[in-house]
>>> print(open('protein-v7.cif').read())   # mmCIF, C-alpha atoms and all ligand atoms
data_coords
#
loop_
_atom_site.group_PDB
_atom_site.id
_atom_site.type_symbol
_atom_site.label_atom_id
_atom_site.label_comp_id
_atom_site.auth_asym_id
_atom_site.auth_seq_id
_atom_site.Cartn_x
_atom_site.Cartn_y
_atom_site.Cartn_z
ATOM 1 C CA MET A 114 -13.160 -7.579 -3.307
ATOM 2 C CA SER A 115 -15.380 -5.540 -1.065
ATOM 3 C CA ALA A 116 -14.258 -2.277 0.493
ATOM 4 C CA GLU A 117 -15.953 -1.357 3.701
ATOM 5 C CA TYR A 118 -15.654 1.192 6.459
ATOM 6 C CA ARG A 119 -13.749 -0.221 9.376
ATOM 7 C CA PRO A 120 -14.303 1.544 12.674
ATOM 8 C CA ALA A 121 -11.347 1.965 14.983
ATOM 9 C CA ALA A 122 -11.449 -0.981 17.366
ATOM 10 C CA ASN A 123 -10.689 1.367 20.238
ATOM 11 C CA PRO A 124 -11.466 4.913 19.160
ATOM 12 C CA GLU A 125 -10.917 6.505 22.549
ATOM 13 C CA LEU A 126 -7.456 7.610 23.526
ATOM 14 C CA PRO A 127 -6.474 5.142 26.191
ATOM 15 C CA HIS A 128 -4.689 6.504 29.243
ATOM 16 C CA HIS A 129 -1.583 4.794 30.439
ATOM 17 C CA PRO A 130 0.778 5.461 33.266
ATOM 18 C CA GLU A 131 3.760 7.475 32.060
ATOM 19 C CA SER A 132 6.203 4.641 32.576
ATOM 20 C CA HIS A 133 4.287 2.522 30.084
ATOM 21 C CA VAL A 134 4.597 5.037 27.298
ATOM 22 C CA THR A 135 8.243 5.838 27.802
ATOM 23 C CA ARG A 136 9.805 6.552 24.447
ATOM 24 C CA LYS A 137 13.456 5.934 25.112
ATOM 25 C CA PRO A 138 15.391 4.599 23.345
ATOM 26 C CA PHE A 139 14.321 6.526 20.264
ATOM 27 C CA LEU A 140 15.668 4.155 17.673
ATOM 28 C CA LEU A 141 14.523 4.309 14.108
ATOM 29 C CA ALA A 142 13.937 0.910 12.637
ATOM 30 C CA GLN A 143 16.033 -0.003 9.642
ATOM 31 C CA LEU A 144 13.383 -1.926 7.816
ATOM 32 C CA PRO A 145 13.805 -3.967 4.684
ATOM 33 C CA SER A 146 12.724 -1.953 1.652
ATOM 34 C CA ILE A 147 11.452 -3.010 -1.718
ATOM 35 C CA GLY A 148 11.484 -0.564 -4.603
ATOM 36 C CA LEU A 149 8.168 -1.161 -6.269
ATOM 37 C CA GLU A 150 7.733 1.445 -8.913
ATOM 38 C CA ILE A 151 4.132 0.821 -9.555
ATOM 39 C CA ARG A 152 3.733 3.157 -12.501
ATOM 40 C CA ASN A 153 6.652 2.033 -14.620
ATOM 41 C CA ASN A 154 6.520 -1.721 -14.244
ATOM 42 C CA THR A 155 4.182 -4.481 -15.259
ATOM 43 C CA ASP A 156 2.773 -6.687 -12.535
ATOM 44 C CA SER A 157 5.030 -9.571 -13.530
ATOM 45 C CA GLN A 158 8.137 -7.367 -13.351
ATOM 46 C CA LEU A 159 7.074 -6.179 -9.917
ATOM 47 C CA PHE A 160 6.343 -9.724 -8.851
ATOM 48 C CA ALA A 161 9.813 -10.872 -9.942
ATOM 49 C CA ARG A 162 11.336 -8.144 -7.836
ATOM 50 C CA VAL A 163 9.428 -9.093 -4.734
ATOM 51 C CA ALA A 164 10.138 -12.796 -5.164
ATOM 52 C CA GLN A 165 13.890 -12.213 -5.486
ATOM 53 C CA PHE A 166 14.025 -9.757 -2.687
ATOM 54 C CA SER A 167 16.035 -11.359 0.073
ATOM 55 C CA PRO A 168 14.985 -8.841 2.760
ATOM 56 C CA LEU A 169 11.620 -10.564 2.738
ATOM 57 C CA GLN A 170 13.449 -13.185 4.752
ATOM 58 C CA GLN A 171 14.825 -10.508 7.043
ATOM 59 C CA CYS A 172 11.252 -9.882 8.024
ATOM 60 C CA ALA A 173 11.803 -12.588 10.585
ATOM 61 C CA THR A 174 14.347 -10.339 12.308
ATOM 62 C CA TRP A 175 12.091 -7.346 12.242
ATOM 63 C CA ARG A 176 8.974 -9.356 12.970
ATOM 64 C CA ALA A 177 7.768 -8.644 9.503
ATOM 65 C CA LEU A 178 7.562 -5.083 8.434
ATOM 66 C CA ILE A 179 8.291 -4.262 4.845
ATOM 67 C CA ARG A 180 8.634 -0.843 3.358
ATOM 68 C CA VAL A 181 7.502 -0.480 -0.189
ATOM 69 C CA ALA A 182 8.951 2.450 -2.036
ATOM 70 C CA HIS A 183 6.179 3.582 -4.251
ATOM 71 C CA LEU A 184 5.983 6.299 -6.812
ATOM 72 C CA TRP A 185 3.379 8.810 -5.762
ATOM 73 C CA THR A 186 0.480 8.024 -8.013
ATOM 74 C CA GLU A 187 -2.557 10.177 -8.624
ATOM 75 C CA SER A 188 -4.784 8.022 -6.506
ATOM 76 C CA ILE A 189 -2.436 8.387 -3.534
ATOM 77 C CA THR A 190 -2.440 12.134 -3.951
ATOM 78 C CA SER A 191 -6.235 12.090 -4.058
ATOM 79 C CA VAL A 192 -6.466 9.973 -0.926
ATOM 80 C CA HIS A 193 -4.105 12.457 0.645
ATOM 81 C CA ASP A 194 -6.485 15.292 -0.224
ATOM 82 C CA LEU A 195 -9.404 13.327 1.110
ATOM 83 C CA ALA A 196 -7.599 12.649 4.371
ATOM 84 C CA VAL A 197 -6.634 16.303 4.739
ATOM 85 C CA GLN A 198 -10.284 17.224 4.320
ATOM 86 C CA SER A 199 -11.316 14.686 6.898
ATOM 87 C CA GLN A 200 -8.630 16.060 9.200
ATOM 88 C CA ALA A 201 -10.349 19.430 8.953
ATOM 89 C CA LEU A 202 -13.584 17.685 9.829
ATOM 90 C CA PHE A 203 -12.060 16.073 12.879
ATOM 91 C CA ASN A 204 -10.651 19.422 13.957
ATOM 92 C CA ILE A 205 -13.982 21.141 14.003
ATOM 93 C CA LYS A 206 -15.695 18.408 15.972
ATOM 94 C CA ASN A 207 -15.768 20.497 19.103
ATOM 95 C CA SER A 208 -16.575 23.820 17.518
ATOM 96 C CA ASN A 209 -20.037 25.336 17.813
ATOM 97 C CA LYS A 210 -22.827 24.813 15.317
ATOM 98 C CA GLU A 211 -22.379 28.150 13.576
ATOM 99 C CA GLU A 212 -18.720 27.532 13.092
ATOM 100 C CA ARG A 213 -19.477 24.049 11.815
ATOM 101 C CA ASP A 214 -21.991 25.310 9.288
ATOM 102 C CA ARG A 215 -19.552 27.896 8.081
ATOM 103 C CA ILE A 216 -16.659 25.523 7.599
ATOM 104 C CA VAL A 217 -18.367 22.265 6.834
ATOM 105 C CA VAL A 218 -21.296 23.283 4.723
ATOM 106 C CA ARG A 219 -19.641 26.059 2.752
ATOM 107 C CA ARG A 220 -16.171 24.738 2.444
ATOM 108 C CA PHE A 221 -16.568 20.989 2.343
ATOM 109 C CA LYS A 222 -20.269 20.775 1.730
ATOM 110 C CA PHE A 223 -20.740 18.206 4.494
ATOM 111 C CA GLU A 224 -23.626 18.789 6.866
ATOM 112 C CA GLU A 225 -22.053 17.135 9.880
ATOM 113 C CA PRO A 226 -18.401 16.528 10.539
ATOM 114 C CA ARG A 227 -18.612 12.868 9.647
ATOM 115 C CA LEU A 228 -17.694 11.215 6.402
ATOM 116 C CA GLU A 229 -20.800 9.039 6.440
ATOM 117 C CA GLN A 230 -22.980 12.115 6.246
ATOM 118 C CA ILE A 231 -21.657 13.675 3.124
ATOM 119 C CA GLN A 232 -24.561 15.645 1.723
ATOM 120 C CA ASP A 233 -23.249 16.907 -1.522
ATOM 121 C CA LEU A 234 -23.639 14.295 -4.214
ATOM 122 C CA GLU A 235 -20.687 15.481 -6.237
ATOM 123 C CA ASP A 236 -18.391 15.308 -3.263
ATOM 124 C CA MET A 237 -19.713 11.887 -2.423
ATOM 125 C CA ILE A 238 -19.070 10.541 -5.892
ATOM 126 C CA ALA A 239 -15.629 12.121 -6.014
ATOM 127 C CA ALA A 240 -14.703 10.696 -2.611
ATOM 128 C CA GLY A 241 -16.083 7.275 -3.559
ATOM 129 C CA GLU A 242 -14.110 7.200 -6.782
ATOM 130 C CA THR A 243 -10.944 8.299 -5.052
ATOM 131 C CA VAL A 244 -11.216 5.607 -2.442
ATOM 132 C CA SER A 245 -12.157 2.934 -4.924
ATOM 133 C CA THR A 246 -9.222 3.719 -7.267
ATOM 134 C CA TYR A 247 -6.904 3.725 -4.293
ATOM 135 C CA SER A 248 -8.335 0.490 -2.964
ATOM 136 C CA LEU A 249 -7.737 -1.213 -6.326
ATOM 137 C CA GLU A 250 -4.156 0.014 -6.268
ATOM 138 C CA MET A 251 -3.675 -1.344 -2.750
ATOM 139 C CA ASP A 252 -5.209 -4.634 -3.847
ATOM 140 C CA ARG A 253 -2.704 -4.882 -6.680
ATOM 141 C CA ILE A 254 0.195 -4.309 -4.276
ATOM 142 C CA LYS A 255 -1.219 -6.942 -1.927
ATOM 143 C CA THR A 256 -1.415 -9.533 -4.706
ATOM 144 C CA ILE A 257 2.185 -8.867 -5.724
ATOM 145 C CA LEU A 258 3.445 -9.121 -2.155
ATOM 146 C CA VAL A 259 1.470 -12.230 -1.309
ATOM 147 C CA GLY A 260 2.707 -13.947 -4.490
ATOM 148 C CA GLY A 261 6.299 -12.945 -3.699
ATOM 149 C CA MET A 262 5.995 -14.337 -0.203
ATOM 150 C CA ALA A 263 4.668 -17.653 -1.494
ATOM 151 C CA LYS A 264 7.637 -17.883 -3.828
ATOM 152 C CA ASN A 265 9.978 -17.103 -0.959
ATOM 153 C CA LEU A 266 8.400 -19.869 1.078
ATOM 154 C CA GLY A 267 8.636 -22.293 -1.837
ATOM 155 C CA ILE A 268 4.897 -22.935 -1.933
ATOM 156 C CA ASP A 269 2.407 -22.752 -4.774
ATOM 157 C CA GLU A 270 2.037 -19.046 -5.585
ATOM 158 C CA GLY A 271 -1.284 -19.508 -7.342
ATOM 159 C CA LYS A 272 -2.822 -21.295 -4.382
ATOM 160 C CA PHE A 273 -1.589 -18.720 -1.876
ATOM 161 C CA THR A 274 -2.583 -15.722 -3.995
ATOM 162 C CA ASN A 275 -6.004 -17.286 -4.627
ATOM 163 C CA MET A 276 -6.685 -17.417 -0.920
ATOM 164 C CA PHE A 277 -6.492 -13.633 -0.935
ATOM 165 C CA ASN A 278 -8.351 -13.097 -4.211
ATOM 166 C CA ASN A 279 -11.652 -11.334 -3.694
ATOM 167 C CA GLY A 280 -10.854 -11.186 -0.011
ATOM 168 C CA THR A 281 -12.223 -8.552 2.271
ATOM 169 C CA GLN A 282 -10.542 -5.205 2.088
ATOM 170 C CA SER A 283 -11.221 -2.484 4.596
ATOM 171 C CA MET A 284 -9.732 0.902 5.253
ATOM 172 C CA ARG A 285 -9.255 3.085 8.277
ATOM 173 C CA MET A 286 -8.214 6.715 8.324
ATOM 174 C CA ASN A 287 -6.422 7.452 11.566
ATOM 175 C CA TYR A 288 -6.128 10.992 12.857
ATOM 176 C CA TYR A 289 -3.978 11.614 15.908
ATOM 177 C CA PRO A 290 -4.439 15.165 17.208
ATOM 178 C CA PRO A 291 -1.567 16.799 19.096
ATOM 179 C CA CYS A 292 -1.841 16.239 22.824
ATOM 180 C CA PRO A 293 -0.294 18.462 25.531
ATOM 181 C CA GLU A 294 0.099 15.371 27.723
ATOM 182 C CA ALA A 295 1.567 13.281 24.928
ATOM 183 C CA SER A 296 3.650 11.131 27.234
ATOM 184 C CA LYS A 297 0.547 9.971 29.095
ATOM 185 C CA VAL A 298 -1.551 8.695 26.226
ATOM 186 C CA LEU A 299 -1.310 6.428 23.234
ATOM 187 C CA GLY A 300 -2.851 7.030 19.818
ATOM 188 C CA ILE A 301 -3.497 3.294 19.396
ATOM 189 C CA SER A 302 -2.842 0.644 22.029
ATOM 190 C CA PRO A 303 -0.387 -2.170 21.290
ATOM 191 C CA HIS A 304 -1.838 -4.674 18.846
ATOM 192 C CA SER A 305 -1.067 -6.756 15.820
ATOM 193 C CA ASP A 306 -3.380 -6.429 12.833
ATOM 194 C CA ALA A 307 -5.990 -9.159 12.414
ATOM 195 C CA THR A 308 -5.359 -9.173 8.678
ATOM 196 C CA GLY A 309 -3.258 -10.863 6.057
ATOM 197 C CA LEU A 310 -1.394 -7.692 5.169
ATOM 198 C CA THR A 311 -1.913 -4.055 6.102
ATOM 199 C CA VAL A 312 -0.678 -1.392 3.714
ATOM 200 C CA LEU A 313 -0.081 1.832 5.592
ATOM 201 C CA LEU A 314 0.121 5.292 4.103
ATOM 202 C CA GLN A 315 1.306 8.212 6.178
ATOM 203 C CA PHE A 316 1.185 11.768 5.037
ATOM 204 C CA ASN A 317 3.454 13.879 7.138
ATOM 205 C CA GLN A 318 6.789 13.139 8.689
ATOM 206 C CA VAL A 319 5.495 13.079 12.243
ATOM 207 C CA HIS A 320 6.816 9.923 13.885
ATOM 208 C CA GLY A 321 4.291 7.968 15.856
ATOM 209 C CA LEU A 322 4.291 4.347 14.809
ATOM 210 C CA GLN A 323 6.374 2.081 17.025
ATOM 211 C CA ILE A 324 7.020 -1.628 16.736
ATOM 212 C CA ASN A 325 7.817 -4.070 19.472
ATOM 213 C CA HIS A 326 11.279 -5.316 18.598
ATOM 214 C CA ASN A 327 12.359 -7.969 21.081
ATOM 215 C CA GLY A 328 10.560 -6.213 23.898
ATOM 216 C CA THR A 329 11.671 -2.654 23.047
ATOM 217 C CA TRP A 330 9.401 -0.101 21.401
ATOM 218 C CA VAL A 331 11.205 1.121 18.326
ATOM 219 C CA SER A 332 10.003 4.137 16.345
ATOM 220 C CA VAL A 333 9.530 3.554 12.663
ATOM 221 C CA LYS A 334 10.761 6.222 10.338
ATOM 222 C CA MET A 335 8.299 6.776 7.540
ATOM 223 C CA LEU A 336 10.072 7.485 4.290
ATOM 224 C CA PRO A 337 8.503 10.005 1.970
ATOM 225 C CA ASN A 338 6.790 8.369 -1.000
ATOM 226 C CA ALA A 339 6.785 4.974 0.641
ATOM 227 C CA LEU A 340 4.120 2.666 1.894
ATOM 228 C CA LEU A 341 4.658 0.460 4.887
ATOM 229 C CA VAL A 342 3.405 -3.106 4.954
ATOM 230 C CA ASN A 343 2.563 -4.889 8.189
ATOM 231 C CA ILE A 344 2.279 -8.621 8.145
ATOM 232 C CA GLY A 345 -0.889 -9.520 9.977
ATOM 233 C CA ASP A 346 -2.061 -12.409 12.130
ATOM 234 C CA ILE A 347 -3.665 -14.323 9.255
ATOM 235 C CA ILE A 348 -0.356 -14.643 7.416
ATOM 236 C CA GLU A 349 1.380 -15.647 10.636
ATOM 237 C CA ILE A 350 -1.130 -18.473 11.074
ATOM 238 C CA LEU A 351 -1.160 -19.618 7.436
ATOM 239 C CA THR A 352 2.647 -19.734 7.341
ATOM 240 C CA ASN A 353 2.817 -21.510 10.727
ATOM 241 C CA GLY A 354 4.790 -18.583 12.117
ATOM 242 C CA LYS A 355 7.373 -18.351 9.308
ATOM 243 C CA TYR A 356 6.209 -14.785 8.836
ATOM 244 C CA LYS A 357 5.221 -13.190 12.120
ATOM 245 C CA SER A 358 2.687 -10.452 12.618
ATOM 246 C CA ILE A 359 4.142 -7.355 14.155
ATOM 247 C CA GLU A 360 2.992 -5.876 17.445
ATOM 248 C CA HIS A 361 2.798 -2.117 17.072
ATOM 249 C CA ARG A 362 1.324 0.959 18.728
ATOM 250 C CA VAL A 363 1.106 4.667 18.014
ATOM 251 C CA VAL A 364 2.365 7.450 20.255
ATOM 252 C CA VAL A 365 1.218 11.037 19.793
ATOM 253 C CA SER A 366 3.079 14.301 19.492
ATOM 254 C CA LYS A 367 2.740 17.387 21.691
ATOM 255 C CA GLU A 368 2.713 19.775 18.779
ATOM 256 C CA LYS A 369 1.800 18.056 15.563
ATOM 257 C CA ALA A 370 -1.152 16.085 14.299
ATOM 258 C CA ARG A 371 -0.538 12.866 12.430
ATOM 259 C CA LEU A 372 -2.633 11.216 9.766
ATOM 260 C CA SER A 373 -2.433 7.708 8.387
ATOM 261 C CA VAL A 374 -4.574 5.492 6.193
ATOM 262 C CA ALA A 375 -4.431 1.764 6.863
ATOM 263 C CA THR A 376 -5.769 -0.643 4.232
ATOM 264 C CA PHE A 377 -6.378 -4.118 5.607
ATOM 265 C CA HIS A 378 -6.361 -7.157 3.334
ATOM 266 C CA GLU A 379 -7.879 -10.394 4.436
ATOM 267 C CA THR A 380 -8.328 -13.784 2.827
ATOM 268 C CA HIS A 381 -11.511 -14.747 1.030
ATOM 269 C CA GLU A 382 -14.173 -15.555 3.599
ATOM 270 C CA SER A 383 -14.303 -19.204 2.503
ATOM 271 C CA VAL A 384 -10.685 -19.755 3.587
ATOM 272 C CA VAL A 385 -10.092 -21.755 6.742
ATOM 273 C CA ILE A 386 -7.409 -19.935 8.674
ATOM 274 C CA GLY A 387 -4.864 -22.474 9.846
ATOM 275 C CA PRO A 388 -1.277 -23.508 9.034
ATOM 276 C CA LEU A 389 -0.861 -24.671 5.439
ATOM 277 C CA PRO A 390 0.034 -28.400 5.374
ATOM 278 C CA GLU A 391 2.830 -27.794 2.830
ATOM 279 C CA LEU A 392 4.569 -25.579 5.374
ATOM 280 C CA ILE A 393 4.612 -28.218 8.097
ATOM 281 C CA ILE A 394 7.908 -29.756 7.097
ATOM 282 C CA ASN A 395 11.100 -31.133 8.612
ATOM 283 C CA GLY A 396 9.375 -32.575 11.651
ATOM 284 C CA GLU A 397 7.725 -29.266 12.536
ATOM 285 C CA THR A 398 4.437 -29.239 14.368
ATOM 286 C CA GLU A 399 1.428 -27.078 13.741
ATOM 287 C CA GLN A 400 1.579 -24.010 15.942
ATOM 288 C CA TYR A 401 -1.941 -22.644 15.490
ATOM 289 C CA LYS A 402 -5.546 -23.819 15.509
ATOM 290 C CA HIS A 403 -7.656 -23.967 12.342
ATOM 291 C CA VAL A 404 -10.624 -21.593 12.483
ATOM 292 C CA THR A 405 -13.125 -20.376 9.931
ATOM 293 C CA PHE A 406 -12.962 -16.789 8.732
ATOM 294 C CA VAL A 407 -16.102 -15.995 10.727
ATOM 295 C CA GLU A 408 -14.722 -17.615 13.886
ATOM 296 C CA PHE A 409 -11.485 -15.662 13.497
ATOM 297 C CA PHE A 410 -13.248 -12.305 13.209
ATOM 298 C CA THR A 411 -15.734 -13.115 15.943
ATOM 299 C CA MET A 412 -12.784 -13.722 18.248
ATOM 300 C CA PHE A 413 -11.106 -10.506 17.070
ATOM 301 C CA LEU A 414 -14.172 -8.324 17.454
ATOM 302 C CA SER A 415 -15.022 -9.663 20.890
ATOM 303 C CA ARG A 416 -11.855 -8.323 22.496
ATOM 304 C CA LYS A 417 -10.058 -5.061 23.095
ATOM 305 C CA LEU A 418 -6.845 -4.274 21.271
ATOM 306 C CA ASP A 419 -4.395 -6.032 23.518
ATOM 307 C CA GLY A 420 -1.019 -6.853 22.030
ATOM 308 C CA LYS A 421 -1.027 -10.288 20.445
ATOM 309 C CA SER A 422 -3.600 -11.786 22.818
ATOM 310 C CA LEU A 423 -5.721 -13.065 19.920
ATOM 311 C CA MET A 424 -2.716 -14.998 18.663
ATOM 312 C CA ASP A 425 -2.075 -16.365 22.148
ATOM 313 C CA ASP A 426 -5.604 -17.823 22.087
ATOM 314 C CA LEU A 427 -5.086 -19.284 18.635
ATOM 315 C CA LYS A 428 -1.754 -20.900 19.489
ATOM 316 C CA LEU A 429 -1.809 -24.615 20.115
ATOM 317 C CA LYS A 430 -0.395 -25.530 23.488
ATOM 318 C CA HIS A 431 1.931 -28.474 22.927
HETATM 319 O O1 LIG B 501 -1.178 5.125 12.295
HETATM 320 C C1 LIG B 501 -0.373 4.205 12.171
HETATM 321 O O2 LIG B 501 0.796 4.377 11.814
HETATM 322 C C2 LIG B 501 -0.777 2.790 12.498
HETATM 323 C C3 LIG B 501 -2.252 2.546 12.470
HETATM 324 C C4 LIG B 501 -2.605 1.150 12.852
HETATM 325 O O3 LIG B 501 -1.841 0.438 13.447
HETATM 326 C C5 LIG B 501 -3.928 0.612 12.487
HETATM 327 O O4 LIG B 501 -4.778 1.358 11.961
HETATM 328 O O5 LIG B 501 -4.153 -0.600 12.731
HETATM 329 FE FE FE B 502 -2.382 -1.634 13.280
#
>>> encode(input="protein-v7.cif", output="structure tokens", more="lines below")
Ligand SMILES: O=C(O)CCC(=O)C(=O)O
Ligand SMILES: [Fe+2]
Amino acid sequence: MSAEYRPAANPELPHHPESHVTRKPFLLAQLPSIGLEIRNNTDSQLFARVAQFSPLQQCATWRALIRVAHLWTESITSVHDLAVQSQALFNIKNSNKEERDRIVVRRFKFEEPRLEQIQDLEDMIAAGETVSTYSLEMDRIKTILVGGMAKNLGIDEGKFTNMFNNGTQSMRMNYYPPCPEASKVLGISPHSDATGLTVLLQFNQVHGLQINHNGTWVSVKMLPNALLVNIGDIIEILTNGKYKSIEHRVVVSKEKARLSVATFHETHESVVIGPLPELIINGETEQYKHVTFVEFFTMFLSRKLDGKSLMDDLKLKH
């Protein structure tokens, strides 16, 4: 598994006409939840729970969002601290140099307000360890979920899980500052994640994430002590659409900042991304093209975030 920094595909706040961002009706999605108490269970106990969990099938209704109740482990708390520190860094971006030196150098020991430029070795090691422990924990959750999904689909768990073993893992910390013209901007434009699974951690109770549910933008209520799992495009393709990736976007608040950490899990780079033959049953036809990992990401990186347009290009026209 390699963890790497993943830049926001569209870091600038895009402007949209007000009508596009309208937030009515403010529904809160009732998403399927799985209680995965990571600390008190062995992996096989957790796996059994996921595999038996019927709401995994309900994902079809909700276009595949799963909430994983998760005991707050130390590594999550540490990532929280790290994100709060980076929030402070984001906040001082526009301050003057003196102010920056005062806050950044003395308080956080970073020379410039960017994570890549951490000067203090101790801080760097501490941050690296925090992220790497957290990334291993996220990887463990991914393996359990992917195995549970395979079982739900009635396919070989080992084969499916193996496709994700030693896959690419990347992480993005999202900071959404408050915006006085909140109704005119989006934090992130509509998109589905070009991943297998995304595990999302949110720190405060500021709503912002919305999913496209049958054409309506529905706000997702983040539960405390819970992670949210998005099914990504790669799983949609591999399962020939039995699990669908979710189109989502983020709206911003007038008063409060919001922070989230998204961990993206992809297949191993040797995997050809295309519908699995064992899932083409009962006279079904293949719905998606087969592309190499590199072709898939080249297509992803060559476009703006734009709903599910990547998937539209990968769909076979029958
Ligand atoms: O901040 C969020 O809740 C969602 C972030 C997201 O969609 C992403 O990073 O791809
Ligand atoms: Fe996303």
>>> resolve_selection(input="protein-v7.cif", expression="the PyMOL selection byres (((chain A and resi 319-324) around 6) and not hetatm)", output="count of residues only")
14
>>> atom_distance(input="protein-v7.cif", atom1="atom CA of Glu250 of chain A", atom2="atom CA of Asn279 of chain A")
13.8 Å
>>> closest_atom_pairs(input="protein-v7.cif", of="segment 333-412 of chain A", to="segment 309-316 of chain A", cutoff="10 Å", atoms="all atoms listed in the file", output="Markdown table")
| residue | atom | partner | partner_atom | distance |
| --- | --- | --- | --- | --- |
| A:Met335 | CA | A:Gln315 | CA | 7.3 |
| A:Leu336 | CA | A:Gln315 | CA | 9.0 |
| A:Pro337 | CA | A:Phe316 | CA | 8.1 |
| A:Asn338 | CA | A:Phe316 | CA | 8.9 |
| A:Ala339 | CA | A:Leu314 | CA | 7.5 |
| A:Leu340 | CA | A:Leu314 | CA | 5.3 |
| A:Leu341 | CA | A:Leu313 | CA | 5.0 |
| A:Val342 | CA | A:Val312 | CA | 4.6 |
| A:Asn343 | CA | A:Thr311 | CA | 5.0 |
| A:Ile344 | CA | A:Leu310 | CA | 4.8 |
| A:Gly345 | CA | A:Gly309 | CA | 4.8 |
| A:Asp346 | CA | A:Gly309 | CA | 6.4 |
| A:Ile347 | CA | A:Gly309 | CA | 4.7 |
| A:Ile348 | CA | A:Gly309 | CA | 5.0 |
| A:Glu349 | CA | A:Gly309 | CA | 8.1 |
| A:Ile350 | CA | A:Gly309 | CA | 9.4 |
| A:Leu351 | CA | A:Gly309 | CA | 9.1 |
| A:Ser358 | CA | A:Gly309 | CA | 8.9 |
| A:Arg371 | CA | A:Phe316 | CA | 7.7 |
| A:Leu372 | CA | A:Phe316 | CA | 6.1 |
| A:Ser373 | CA | A:Gln315 | CA | 4.4 |
| A:Val374 | CA | A:Leu314 | CA | 5.1 |
| A:Ala375 | CA | A:Leu313 | CA | 4.5 |
| A:Thr376 | CA | A:Val312 | CA | 5.2 |
| A:Phe377 | CA | A:Thr311 | CA | 4.5 |
| A:His378 | CA | A:Leu310 | CA | 5.3 |
| A:Glu379 | CA | A:Gly309 | CA | 4.9 |
| A:Thr380 | CA | A:Gly309 | CA | 6.7 |
>>> atom_distance(input="protein-v7.cif", atom1="atom CA of Glu270 of chain A", atom2="atom CA of Ile257 of chain A")
10.2 Å
>>> closest_residue(input="protein-v7.cif", among="A:Val298, A:Val407, A:Ile359, A:Cys292", to="ligand LIG 501 (chain B)", atoms="only C-alpha atoms and all ligand atoms")
A:Ile359
>>> residues_near_ligand(input="protein-v7.cif", ligand="ligand FE 502 (chain B)", cutoff="7 Å", atoms="only C-alpha atoms and all ligand atoms", output="JSON, numbers by chain")
{"A": [304, 305, 306, 361]}
>>> atom_distance(input="protein-v7.cif", atom1="atom CA of Leu414 of chain A", atom2="atom CA of Ala295 of chain A")
27.8 Å
>>> resolve_selection(input="protein-v7.cif", expression="the PyMOL selection byres (((chain A and resi 275) around 10) and not hetatm)", output="JSON, numbers by chain")
{"A": [256, 259, 260, 270, 271, 272, 273, 274, 276, 277, 278, 279, 280, 380, 381, 384]}
>>> closest_residue(input="protein-v7.cif", among="A:Lys367, A:Met286, A:Glu391, A:Tyr401", to="Leu299 of chain A", atoms="only C-alpha atoms")
A:Lys367
>>> axis_aligned_box(input="protein-v7.cif", around="ligand LIG 501 (chain B)", padding_each_side="6 Å", output="AutoDock Vina command-line options")
--center_x -2.0 --center_y 2.3 --center_z 12.6 --size_x 17.6 --size_y 17.7 --size_z 13.6
>>> closest_residue(input="protein-v7.cif", among="A:Gly396, A:Gly420, A:Pro390, A:Gly354", to="Ser302 of chain A", atoms="only C-alpha atoms")
A:Gly420
>>> residues_around(input="protein-v7.cif", residues="Leu392 of chain A", least_positions_apart="6", cutoff="12 Å", atoms="all atoms listed in the file", output="ChimeraX atom specification")
/A:263,265-269,273,349-356,398-400
>>> closest_residue(input="protein-v7.cif", among="A:Lys402, A:Val385, A:Phe409, A:Thr281", to="Lys430 of chain A", atoms="all atoms listed in the file")
A:Lys402
>>> closest_residue(input="protein-v7.cif", among="A:Ala370, A:Pro388, A:His403, A:Ser422", to="ligand LIG 501 (chain B)", atoms="all atoms listed in the file")
A:Ala370
>>> closest_residue(input="protein-v7.cif", among="A:Val404, A:Ile301, A:Leu389, A:Met424", to="ligand LIG 501 (chain B)", atoms="all atoms listed in the file")
A:Ile301
